[in-house]
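See below for protein.csv, which holds CSV, C-alpha atoms.
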```
chain,number,residue,atom,x,y,z
A,7,MET,CA,-32.3,0.5,-11.1
A,8,SER,CA,-32.3,-0.6,-7.5
A,9,HIS,CA,-29.1,-0.5,-5.4
A,10,ASN,CA,-29.2,-4.3,-5.2
A,11,ASN,CA,-29.4,-4.8,-9.0
A,12,LYS,CA,-26.5,-2.4,-9.4
A,13,ASN,CA,-24.4,-4.5,-7.0
A,14,VAL,CA,-25.4,-7.7,-8.9
A,15,ARG,CA,-24.3,-6.2,-12.2
A,16,ILE,CA,-21.0,-5.0,-10.7
A,17,VAL,CA,-20.3,-8.5,-9.3
A,18,ARG,CA,-21.1,-10.0,-12.7
A,19,VAL,CA,-18.8,-7.6,-14.4
A,20,LYS,CA,-16.0,-8.5,-12.0
A,21,LYS,CA,-16.6,-12.2,-12.5
A,22,LYS,CA,-16.4,-11.7,-16.3
A,23,LYS,CA,-13.2,-9.8,-15.9
A,24,LEU,CA,-11.8,-12.5,-13.6
A,25,ARG,CA,-12.8,-15.2,-16.1
A,26,LYS,CA,-11.0,-13.3,-18.9
A,27,LYS,CA,-7.9,-13.0,-16.8
A,28,VAL,CA,-8.0,-16.7,-16.0
A,29,LEU,CA,-8.5,-17.6,-19.6
A,30,PHE,CA,-5.7,-15.2,-20.6
A,31,VAL,CA,-3.4,-17.2,-18.4
A,32,LEU,CA,-4.7,-20.7,-19.0
A,33,ILE,CA,-5.0,-20.6,-22.8
A,34,PRO,CA,-1.2,-20.0,-23.3
A,35,LEU,CA,-0.4,-22.7,-20.7
A,36,LEU,CA,-2.7,-25.1,-22.4
A,37,ILE,CA,-1.2,-24.3,-25.8
A,38,ALA,CA,2.3,-24.7,-24.3
A,39,PHE,CA,1.4,-28.0,-22.7
A,40,LEU,CA,-0.1,-29.4,-25.9
A,41,SER,CA,2.9,-28.3,-27.8
A,42,ILE,CA,5.3,-30.1,-25.4
A,43,VAL,CA,3.1,-33.2,-25.6
A,44,GLY,CA,3.0,-33.0,-29.3
A,45,TYR,CA,6.8,-32.4,-29.6
A,46,GLY,CA,7.4,-35.4,-27.3
A,47,ALA,CA,5.1,-37.6,-29.4
A,48,TYR,CA,6.9,-36.4,-32.5
A,49,LEU,CA,10.3,-37.1,-31.0
A,50,TYR,CA,9.2,-40.5,-29.8
A,51,THR,CA,8.0,-41.5,-33.3
A,52,LYS,CA,11.1,-40.1,-34.9
A,53,ALA,CA,13.4,-41.8,-32.5
A,54,ASP,CA,11.7,-45.1,-33.2
A,55,THR,CA,12.1,-44.6,-36.9
A,56,VAL,CA,15.7,-43.5,-36.8
A,57,LEU,CA,16.8,-46.3,-34.5
A,58,SER,CA,14.9,-48.9,-36.4
A,59,ASP,CA,16.8,-47.8,-39.5
A,60,SER,CA,20.1,-48.0,-37.7
A,61,TYR,CA,19.5,-51.5,-36.3
A,62,VAL,CA,21.8,-54.1,-37.5
A,63,GLU,CA,21.9,-57.5,-35.7
A,64,VAL,CA,25.0,-59.6,-35.2
A,65,GLU,CA,24.9,-63.3,-36.1
A,66,ARG,CA,24.2,-64.5,-32.6
A,67,GLU,CA,21.3,-64.3,-30.3
A,68,LYS,CA,23.5,-63.7,-27.3
A,69,SER,CA,27.1,-63.7,-26.2
A,70,PRO,CA,28.7,-67.1,-25.7
A,71,LEU,CA,29.7,-65.8,-22.3
A,72,ARG,CA,26.0,-65.5,-21.3
A,73,ASP,CA,23.9,-68.4,-20.0
A,74,ALA,CA,20.7,-66.9,-21.3
A,75,GLU,CA,19.5,-63.9,-23.3
A,76,ILE,CA,19.7,-60.7,-21.3
A,77,ASP,CA,16.9,-58.2,-20.6
A,78,PRO,CA,18.2,-54.7,-20.1
A,79,ASN,CA,15.2,-53.9,-17.9
A,80,ILE,CA,16.5,-56.2,-15.2
A,81,ASP,CA,20.0,-57.2,-16.1
A,82,ASN,CA,23.3,-55.4,-15.9
A,83,VAL,CA,24.7,-55.1,-19.5
A,84,SER,CA,27.7,-54.1,-21.5
A,85,VAL,CA,28.0,-52.0,-24.6
A,86,LEU,CA,31.0,-51.9,-27.0
A,87,ILE,CA,31.4,-48.3,-28.4
A,88,MET,CA,33.3,-48.1,-31.7
A,89,GLY,CA,34.3,-44.9,-33.4
A,90,VAL,CA,35.4,-46.0,-36.9
A,91,ASP,CA,37.7,-43.9,-39.1
A,92,SER,CA,35.3,-43.8,-42.0
A,93,ASN,CA,33.8,-40.9,-43.8
A,94,ASP,CA,32.4,-40.0,-47.2
A,95,HIS,CA,35.8,-38.9,-48.4
A,96,ARG,CA,37.5,-42.2,-47.6
A,97,ASP,CA,34.6,-44.4,-48.7
A,98,ASN,CA,35.8,-47.1,-46.4
A,99,ALA,CA,32.8,-48.0,-44.2
A,100,GLU,CA,33.3,-51.7,-44.7
A,101,SER,CA,37.1,-51.8,-44.2
A,102,ALA,CA,37.5,-49.1,-41.5
A,103,ARG,CA,39.6,-49.4,-38.4
A,104,THR,CA,38.4,-48.5,-35.0
A,105,ASP,CA,39.8,-45.1,-34.1
A,106,ALA,CA,38.2,-45.3,-30.7
A,107,LEU,CA,37.2,-48.4,-28.8
A,108,MET,CA,35.5,-48.3,-25.4
A,109,VAL,CA,33.5,-50.8,-23.3
A,110,ALA,CA,30.8,-49.5,-21.0
A,111,THR,CA,29.2,-51.6,-18.3
A,112,PHE,CA,25.9,-50.6,-16.8
A,113,ASN,CA,24.8,-51.5,-13.3
A,114,LYS,CA,21.0,-51.3,-12.9
A,115,ASP,CA,20.9,-51.1,-9.1
A,116,ASP,CA,23.7,-48.5,-8.6
A,117,LYS,CA,22.7,-46.5,-11.7
A,118,SER,CA,26.3,-46.4,-12.6
A,119,ILE,CA,28.5,-46.8,-15.7
A,120,ASN,CA,32.1,-47.9,-16.0
A,121,ILE,CA,33.8,-46.9,-19.2
A,122,VAL,CA,37.1,-48.7,-20.2
A,123,SER,CA,39.2,-47.3,-23.0
A,124,ILE,CA,41.2,-49.8,-25.0
A,125,PRO,CA,44.2,-48.1,-26.7
A,126,ARG,CA,43.9,-48.6,-30.4
A,127,ASP,CA,47.5,-50.0,-30.7
A,128,SER,CA,47.0,-52.6,-28.0
A,129,LEU,CA,48.6,-55.9,-29.1
A,130,VAL,CA,45.9,-58.5,-28.6
A,131,TYR,CA,44.9,-61.9,-30.0
A,132,ILE,CA,42.4,-61.5,-32.8
A,133,PRO,CA,40.3,-64.7,-33.2
A,134,GLU,CA,39.1,-63.7,-36.7
A,135,VAL,CA,42.7,-64.2,-38.1
A,136,GLY,CA,44.2,-66.4,-35.4
A,137,TYR,CA,47.2,-64.2,-34.4
A,138,GLU,CA,48.1,-61.1,-32.4
A,139,ASP,CA,47.8,-57.7,-33.9
A,140,LYS,CA,46.7,-54.2,-33.1
A,141,ILE,CA,43.1,-54.3,-31.7
A,142,ASN,CA,42.0,-51.6,-34.1
A,143,HIS,CA,42.6,-54.0,-37.0
A,144,ALA,CA,40.0,-56.4,-35.8
A,145,HIS,CA,37.2,-54.4,-37.4
A,146,TYR,CA,39.2,-54.2,-40.6
A,147,PHE,CA,39.6,-58.0,-40.6
A,148,GLY,CA,36.0,-58.9,-39.9
A,149,GLY,CA,33.8,-56.0,-39.2
A,150,THR,CA,31.6,-55.6,-36.1
A,151,GLU,CA,31.5,-59.3,-35.1
A,152,ALA,CA,35.3,-59.6,-35.3
A,153,ALA,CA,35.7,-56.5,-33.1
A,154,ILE,CA,33.2,-57.9,-30.6
A,155,GLU,CA,34.8,-61.3,-30.5
A,156,THR,CA,38.2,-59.8,-29.9
A,157,VAL,CA,37.1,-57.6,-27.0
A,158,GLU,CA,35.2,-60.5,-25.4
A,159,ASN,CA,38.4,-62.6,-25.7
A,160,LEU,CA,40.5,-59.8,-24.2
A,161,LEU,CA,38.3,-58.8,-21.3
A,162,ASP,CA,36.5,-62.1,-20.6
A,163,ILE,CA,33.1,-60.4,-20.3
A,164,PRO,CA,30.1,-60.6,-22.6
A,165,VAL,CA,29.5,-57.8,-25.1
A,166,ASP,CA,25.7,-57.5,-25.1
A,167,TYR,CA,25.3,-54.5,-27.4
A,168,TYR,CA,27.4,-52.5,-29.7
A,169,VAL,CA,27.2,-48.9,-31.0
A,170,LYS,CA,29.2,-47.9,-34.0
A,171,LEU,CA,29.6,-44.3,-35.1
A,172,ASN,CA,31.7,-42.7,-37.8
A,173,PHE,CA,33.3,-39.2,-37.9
A,174,HIS,CA,30.2,-37.5,-39.3
A,175,ALA,CA,28.0,-38.7,-36.5
A,176,PHE,CA,30.3,-37.4,-33.8
A,177,VAL,CA,30.6,-34.0,-35.4
A,178,ASP,CA,26.9,-33.7,-36.0
A,179,VAL,CA,26.0,-34.8,-32.4
A,180,VAL,CA,28.2,-32.1,-30.9
A,181,ASP,CA,27.0,-29.5,-33.2
A,182,ALA,CA,23.4,-30.5,-32.4
A,183,LEU,CA,24.1,-29.7,-28.8
A,184,ASP,CA,25.5,-26.3,-29.7
A,185,GLY,CA,29.0,-27.5,-28.7
A,186,ILE,CA,30.4,-28.9,-25.5
A,187,THR,CA,32.8,-27.7,-22.9
A,188,VAL,CA,36.2,-29.3,-22.8
A,189,ASP,CA,39.7,-28.6,-21.4
A,190,VAL,CA,42.2,-28.5,-24.3
A,191,PRO,CA,45.6,-29.5,-22.8
A,192,TYR,CA,47.8,-27.8,-25.3
A,193,GLU,CA,47.9,-25.9,-28.6
A,194,PHE,CA,47.7,-28.1,-31.7
A,195,LYS,CA,46.6,-28.4,-35.3
A,196,GLU,CA,44.7,-31.4,-36.6
A,197,SER,CA,42.9,-32.5,-39.8
A,198,ASN,CA,39.1,-32.2,-39.9
A,199,SER,CA,36.6,-35.0,-40.6
A,200,MET,CA,37.3,-34.8,-44.3
A,201,ASP,CA,41.0,-35.1,-43.8
A,202,LYS,CA,41.9,-31.5,-44.6
A,203,ARG,CA,45.3,-31.2,-43.1
A,204,ASP,CA,45.8,-28.8,-40.1
A,205,SER,CA,42.4,-27.2,-40.7
A,206,ILE,CA,41.6,-27.2,-37.0
A,207,HIS,CA,43.7,-25.0,-34.7
A,208,LEU,CA,43.0,-25.1,-30.9
A,209,TYR,CA,44.6,-23.3,-28.0
A,210,PRO,CA,44.9,-24.6,-24.4
A,211,GLY,CA,42.3,-24.0,-21.8
A,212,VAL,CA,38.7,-24.7,-20.9
A,213,GLN,CA,36.4,-23.7,-23.8
A,214,ASN,CA,33.3,-24.5,-25.8
A,215,VAL,CA,34.1,-26.4,-29.0
A,216,ASP,CA,32.0,-27.3,-32.0
A,217,GLY,CA,31.8,-30.8,-33.6
A,218,GLU,CA,34.9,-30.5,-35.8
A,219,GLU,CA,37.0,-29.1,-33.0
A,220,ALA,CA,35.8,-31.9,-30.6
A,221,LEU,CA,36.7,-34.5,-33.1
A,222,ALA,CA,40.1,-33.0,-33.6
A,223,LEU,CA,40.7,-33.1,-29.8
A,224,ALA,CA,39.5,-36.7,-29.7
A,225,ARG,CA,41.8,-37.8,-32.5
A,226,THR,CA,45.0,-35.9,-31.9
A,227,ARG,CA,48.0,-37.6,-30.2
A,228,LYS,CA,50.8,-35.5,-31.8
A,229,LEU,CA,52.0,-34.1,-28.4
A,230,ASP,CA,51.2,-37.0,-26.1
A,231,ASN,CA,50.2,-40.7,-26.5
A,232,ASP,CA,47.4,-43.1,-27.0
A,233,ILE,CA,46.7,-43.3,-23.3
A,234,GLN,CA,46.2,-39.6,-22.9
A,235,ARG,CA,44.1,-39.7,-26.1
A,236,GLY,CA,41.8,-42.3,-24.5
A,237,ILE,CA,41.4,-40.2,-21.4
A,238,ARG,CA,40.5,-37.2,-23.6
A,239,GLN,CA,37.9,-39.3,-25.5
A,240,GLN,CA,36.3,-40.4,-22.2
A,241,GLU,CA,36.1,-36.8,-21.0
A,242,ILE,CA,34.6,-35.7,-24.3
A,243,ILE,CA,31.9,-38.5,-24.0
A,244,LYS,CA,31.1,-37.4,-20.4
A,245,SER,CA,30.7,-33.8,-21.6
A,246,VAL,CA,28.4,-35.0,-24.4
A,247,ILE,CA,26.3,-37.0,-21.8
A,248,ASP,CA,26.1,-34.0,-19.4
A,249,LYS,CA,25.0,-31.7,-22.2
A,250,ALA,CA,22.6,-34.1,-23.8
A,251,THR,CA,20.9,-34.9,-20.4
A,252,SER,CA,20.5,-31.2,-19.4
A,253,VAL,CA,17.1,-29.6,-19.5
A,254,ASN,CA,18.3,-26.9,-21.9
A,255,SER,CA,19.0,-29.6,-24.6
A,256,ILE,CA,15.5,-30.9,-24.8
A,257,LEU,CA,14.7,-28.8,-27.9
A,258,ASN,CA,17.9,-30.1,-29.5
A,259,TYR,CA,16.8,-33.7,-29.5
A,260,ASP,CA,15.3,-33.4,-33.0
A,261,ASP,CA,18.7,-32.3,-34.3
A,262,LEU,CA,20.4,-35.1,-32.3
A,263,LEU,CA,18.3,-37.7,-34.0
A,264,GLU,CA,19.1,-36.2,-37.4
A,265,ALA,CA,22.8,-36.3,-36.5
A,266,VAL,CA,22.9,-40.0,-35.7
A,267,GLY,CA,20.3,-41.1,-38.2
A,268,ASP,CA,22.7,-41.8,-41.2
A,269,ASN,CA,25.9,-42.4,-39.2
A,270,LEU,CA,24.9,-44.9,-36.5
A,271,VAL,CA,24.8,-48.7,-36.5
A,272,THR,CA,23.7,-50.7,-33.4
A,273,ASN,CA,22.0,-53.9,-32.4
A,274,MET,CA,19.9,-52.0,-29.8
A,275,THR,CA,16.3,-51.8,-30.5
A,276,PHE,CA,14.3,-48.7,-29.6
A,277,SER,CA,12.9,-50.6,-26.7
A,278,ASP,CA,16.4,-51.5,-25.4
A,279,ILE,CA,17.5,-47.9,-25.7
A,280,LYS,CA,14.5,-46.6,-23.7
A,281,THR,CA,15.8,-48.7,-20.7
A,282,PHE,CA,19.1,-46.9,-20.8
A,283,ILE,CA,17.4,-43.5,-20.6
A,284,THR,CA,16.2,-44.5,-17.1
A,285,TYR,CA,19.8,-44.4,-15.9
A,286,GLY,CA,19.8,-40.6,-16.2
A,287,THR,CA,16.2,-39.9,-15.4
A,288,SER,CA,15.4,-42.0,-12.4
A,289,GLY,CA,16.6,-39.6,-9.8
A,290,GLY,CA,20.0,-39.0,-8.3
A,291,LYS,CA,23.2,-38.2,-10.1
A,292,LEU,CA,24.4,-40.7,-12.7
A,293,LYS,CA,27.8,-42.1,-11.6
A,294,VAL,CA,30.3,-42.5,-14.5
A,295,ASP,CA,33.8,-43.9,-13.8
A,296,THR,CA,36.5,-44.1,-16.5
A,297,TYR,CA,39.5,-46.4,-16.9
A,298,THR,CA,42.2,-47.1,-19.4
A,299,LEU,CA,44.1,-50.4,-20.0
A,300,GLU,CA,47.6,-49.9,-18.7
A,301,GLY,CA,50.7,-51.0,-20.6
A,302,THR,CA,54.0,-50.0,-22.1
A,303,ASP,CA,55.4,-49.0,-25.5
A,304,TYR,CA,56.6,-52.0,-27.5
A,305,GLN,CA,58.2,-51.6,-30.9
A,306,PRO,CA,59.6,-54.8,-32.5
A,307,GLY,CA,60.8,-54.4,-36.0
A,308,GLY,CA,59.9,-50.8,-36.2
A,309,VAL,CA,56.1,-51.4,-35.7
A,310,TYR,CA,54.6,-49.7,-32.6
A,311,TYR,CA,52.3,-51.5,-30.2
A,312,TRP,CA,50.9,-50.9,-26.8
A,313,ALA,CA,51.9,-54.0,-24.8
A,314,LEU,CA,49.3,-54.5,-22.1
A,315,ASP,CA,50.2,-54.9,-18.5
A,316,TYR,CA,48.5,-58.3,-17.7
A,317,PRO,CA,48.3,-58.0,-13.9
A,318,ALA,CA,46.5,-54.7,-14.4
A,319,LEU,CA,44.4,-56.2,-17.2
A,320,GLU,CA,43.2,-58.9,-14.8
A,321,GLU,CA,42.3,-56.3,-12.2
A,322,THR,CA,40.2,-54.5,-14.9
A,323,LYS,CA,38.5,-57.8,-15.8
A,324,MET,CA,37.5,-58.4,-12.2
A,325,LEU,CA,36.3,-54.8,-11.9
A,326,LEU,CA,34.0,-55.2,-14.9
A,327,LYS,CA,32.8,-58.6,-13.8
A,328,ASP,CA,31.9,-57.2,-10.4
A,329,HIS,CA,30.1,-54.3,-12.0
A,330,LEU,CA,28.1,-56.7,-14.2
A,331,GLU,CA,27.7,-59.0,-11.2
A,332,LEU,CA,29.1,-61.9,-13.1
A,333,PRO,CA,30.8,-65.0,-11.6
A,334,ASN,CA,34.5,-64.4,-11.0
A,335,ALA,CA,35.7,-67.9,-11.7
A,336,ILE,CA,39.5,-68.6,-11.4
A,337,VAL,CA,40.7,-70.8,-14.2
A,338,ASP,CA,44.1,-72.5,-14.1
A,339,ASN,CA,45.1,-73.9,-17.5
A,340,ASP,CA,48.3,-75.5,-16.2
A,341,ASP,CA,47.8,-78.2,-13.5
A,342,ASN,CA,51.5,-78.3,-13.0
A,343,ASP,CA,51.9,-74.6,-12.4
A,344,ASP,CA,52.7,-74.1,-8.7
A,345,ASN,CA,52.6,-70.3,-9.1
A,346,ASP,CA,48.8,-69.9,-8.8
A,347,ASP,CA,48.6,-66.2,-8.0
A,348,GLY,CA,44.8,-65.9,-8.5
A,349,TRP,CA,44.8,-64.4,-12.0
A,350,ILE,CA,42.4,-65.7,-14.6
A,351,GLN,CA,44.4,-67.4,-17.4
A,352,GLU,CA,41.8,-68.5,-19.9
A,353,ASP,CA,43.6,-68.1,-23.2
A,354,ALA,CA,47.3,-68.5,-23.4
A,355,ALA,CA,47.4,-66.7,-26.7
A,356,THR,CA,46.3,-63.5,-25.1
A,357,ASN,CA,48.7,-63.7,-22.2
A,358,GLU,CA,52.0,-64.1,-23.9
A,359,SER,CA,54.9,-62.1,-22.4
A,360,TYR,CA,56.8,-59.7,-24.7
```

Spell out the structure here as structure tokens.
Amino acid sequence: MSHNNKNVRIVRVKKKKLRKKVLFVLIPLLIAFLSIVGYGAYLYTKADTVLSDSYVEVEREKSPLRDAEIDPNIDNVSVLIMGVDSNDHRDNAESARTDALMVATFNKDDKSINIVSIPRDSLVYIPEVGYEDKINHAHYFGGTEAAIETVENLLDIPVDYYVKLNFHAFVDVVDALDGITVDVPYEFKESNSMDKRDSIHLYPGVQNVDGEEALALARTRKLDNDIQRGIRQQEIIKSVIDKATSVNSILNYDDLLEAVGDNLVTNMTFSDIKTFITYGTSGGKLKVDTYTLEGTDYQPGGVYYWALDYPALEETKMLLKDHLELPNAIVDNDDNDDNDDGWIQEDAATNESY
């Protein structure tokens, strides 16, 4: 064999070895890529199925406070979040009260969310029954639509969408994320999602909690009040958002979909929900601000209520309207009232003094 032929053979052997090394690297990468694409396609299909099964429309095409139907791709929108005190043990899905009630407004340009907690004992006018009562009774009186109508009447903003979750959904979502990090303010014992008394025992401090423990923290108010409870619920929701939108949680999405599948009711379509995902994936940090309706304790005849501070309520209304970029019209119901301080007074029934 000539020297030149020997060199050619050596080059060919080296090329073969190089190709083997390249294939050794590329094949696993290709498999990984196809697996990710396949997993993504699977999740997409499953999410479509789960959310389609959870879809329940309300008996109106749009809020009466909207001039036209909204498009979440271009419009700022609001979502009413209801946590209802129903579970398999209570068998009360149709007559449950709202254990947590929050309104979230989404601003498309700012990529920001405002979350307002409404204390469950807030004394408000409930249109469904025509008198004032605790706001958490609205769902008991007339289900989803009565709750929506009551919140719209209270805050004077349209409720475009609603999301309703029960105890089981909350527990399963947190468990699907392998727990969330929270700051427990004090030691306490609380019932679990099946009402087993004092079965959850937590100590103060920053810690990772599972679904049952997170629910207990969200529900308890033995050592503080409804306002602090609302603040805790907001912090828990932010912890869930942070964990769910982290890269490490991608492989948990299948479990997340399973968690909400049987325990979620909403009037959002799968297409609607995809637009909300862009708030957390379009670059930059998602801004989330939280608020709680101010008020004072009020206990006529031995029944406890949270009497809302109406000047503070009007400020909250304006804040939400500004965030939704709605007209901030001033309405004066009394032409003879010389004390026009600029507050919106649209429904005298919701602005009675106590």

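Proximity to A:Asp315 was assessed for A:Tyr285, A:Leu129, A:Met274, A:Ile163 counting only C-alpha atoms; the smallest distance is recorded for A:Leu129.
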
If we count only C-alpha atoms, what is near A:Phe173 at a cut-off of 8 Å, once residues fewer than 2 positions away on the same chain are taken out, given as a PDB file with C-alpha atoms, in the frame of the given file?
```pdb
ATOM      1  CA  GLY A  89      34.300 -44.900 -33.400  1.00  0.00           C
ATOM      2  CA  VAL A  90      35.400 -46.000 -36.900  1.00  0.00           C
ATOM      3  CA  ASP A  91      37.700 -43.900 -39.100  1.00  0.00           C
ATOM      4  CA  SER A  92      35.300 -43.800 -42.000  1.00  0.00           C
ATOM      5  CA  ASN A  93      33.800 -40.900 -43.800  1.00  0.00           C
ATOM      6  CA  LEU A 171      29.600 -44.300 -35.100  1.00  0.00           C
ATOM      7  CA  ALA A 175      28.000 -38.700 -36.500  1.00  0.00           C
ATOM      8  CA  PHE A 176      30.300 -37.400 -33.800  1.00  0.00           C
ATOM      9  CA  VAL A 177      30.600 -34.000 -35.400  1.00  0.00           C
ATOM     10  CA  SER A 199      36.600 -35.000 -40.600  1.00  0.00           C
ATOM     11  CA  LEU A 221      36.700 -34.500 -33.100  1.00  0.00           C
TER      12      LEU A 221
END
```

field: Shell around A:Lys293 at 8 Å using only C-alpha atoms, local window under 3 positions removed, as a PyMOL selection string
entry: chain A and resi 117-119

Nearest to A:His174 by atom-to-atom distance, counting all atoms listed in the file, from A:Asn142, A:Asn198, A:Ser69, A:Thr226: A:Asn198

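Closest to A:Asp248 among A:Ile87, A:Leu330, A:Leu183, A:Ile233 is A:Leu183, based on only C-alpha atoms.
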
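The gap separating atom CA of A:Ile124 from atom CA of A:Ala106 is 7.9 Å, in Å to one decimal.
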
message: Please list as a list in words every residue within 7 Å of A:Val83, counting only C-alpha atoms and excluding residues in the same chain fewer than 3 positions away.
response: Pro78, Thr111, Phe112, Asp166 and Leu330 of chain A

Take the residues that were just selected and, keeping C-alpha atoms, output them as a PDB file, in the coordinates of the input.
```pdb
ATOM      1  CA  PRO A  78      18.200 -54.700 -20.100  1.00  0.00           C
ATOM      2  CA  THR A 111      29.200 -51.600 -18.300  1.00  0.00           C
ATOM      3  CA  PHE A 112      25.900 -50.600 -16.800  1.00  0.00           C
ATOM      4  CA  ASP A 166      25.700 -57.500 -25.100  1.00  0.00           C
ATOM      5  CA  LEU A 330      28.100 -56.700 -14.200  1.00  0.00           C
TER       6      LEU A 330
END
```

message: Need the shell around stretch 234-236 of chain A: protein/DNA/RNA residues with any atom at most 12 Å away, counting all atoms listed in the file. Skip same-chain ones fewer than 3 positions apart. Format as a ChimeraX atom specification?
response: /A:89,105-109,121-127,190-191,221-231,239-243,296-300

Dump as a compact mmCIF listing (two decimals), in the coordinates of the input, selection limited to C-alpha atoms:
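Result file is out-v5.txt:
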```txt
# COMPACT_ATOMS: atom_id res chain seq x y z
CA GLY A 89 34.30 -44.90 -33.40
CA ASP A 105 39.80 -45.10 -34.10
CA ALA A 106 38.20 -45.30 -30.70
CA LEU A 107 37.20 -48.40 -28.80
CA MET A 108 35.50 -48.30 -25.40
CA VAL A 109 33.50 -50.80 -23.30
CA ILE A 121 33.80 -46.90 -19.20
CA VAL A 122 37.10 -48.70 -20.20
CA SER A 123 39.20 -47.30 -23.00
CA ILE A 124 41.20 -49.80 -25.00
CA PRO A 125 44.20 -48.10 -26.70
CA ARG A 126 43.90 -48.60 -30.40
CA ASP A 127 47.50 -50.00 -30.70
CA VAL A 190 42.20 -28.50 -24.30
CA PRO A 191 45.60 -29.50 -22.80
CA LEU A 221 36.70 -34.50 -33.10
CA ALA A 222 40.10 -33.00 -33.60
CA LEU A 223 40.70 -33.10 -29.80
CA ALA A 224 39.50 -36.70 -29.70
CA ARG A 225 41.80 -37.80 -32.50
CA THR A 226 45.00 -35.90 -31.90
CA ARG A 227 48.00 -37.60 -30.20
CA LYS A 228 50.80 -35.50 -31.80
CA LEU A 229 52.00 -34.10 -28.40
CA ASP A 230 51.20 -37.00 -26.10
CA ASN A 231 50.20 -40.70 -26.50
CA GLN A 239 37.90 -39.30 -25.50
CA GLN A 240 36.30 -40.40 -22.20
CA GLU A 241 36.10 -36.80 -21.00
CA ILE A 242 34.60 -35.70 -24.30
CA ILE A 243 31.90 -38.50 -24.00
CA THR A 296 36.50 -44.10 -16.50
CA TYR A 297 39.50 -46.40 -16.90
CA THR A 298 42.20 -47.10 -19.40
CA LEU A 299 44.10 -50.40 -20.00
CA GLU A 300 47.60 -49.90 -18.70
```

Mind giving me the axis-aligned box for stretch 73-85 of chain A with 8 Å on every side, centre plus edges in Å to one decimal, as lines of an AutoDock Vina configuration file?
```
center_x = 21.6
center_y = -60.2
center_z = -19.9
size_x = 28.8
size_y = 32.4
size_z = 25.4
```

- request: Give as a PyMOL selection string every residue, naming chains and numbers as the document does, that has an atom within 12 Å of (54.0, -56.6, -24.7), counting all atoms listed in the file.
  value: chain A and resi 127-131+138-140+300-306+310-316+356-360

task: For atom CA of A:Arg103 and atom CA of A:Thr156, determine how far apart the two atoms are, in Å to one decimal place.
output: 13.5 Å

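Using all atoms listed in the file, the smallest distance between any of A:Ser58, A:Asp162, A:Val266, A:Ile247 and A:Glu321 comes from A:Asp162.
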
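Reported to one decimal place, the separation of atom CA of A:Asp178 from atom CA of A:His207 is 19.0 Å.
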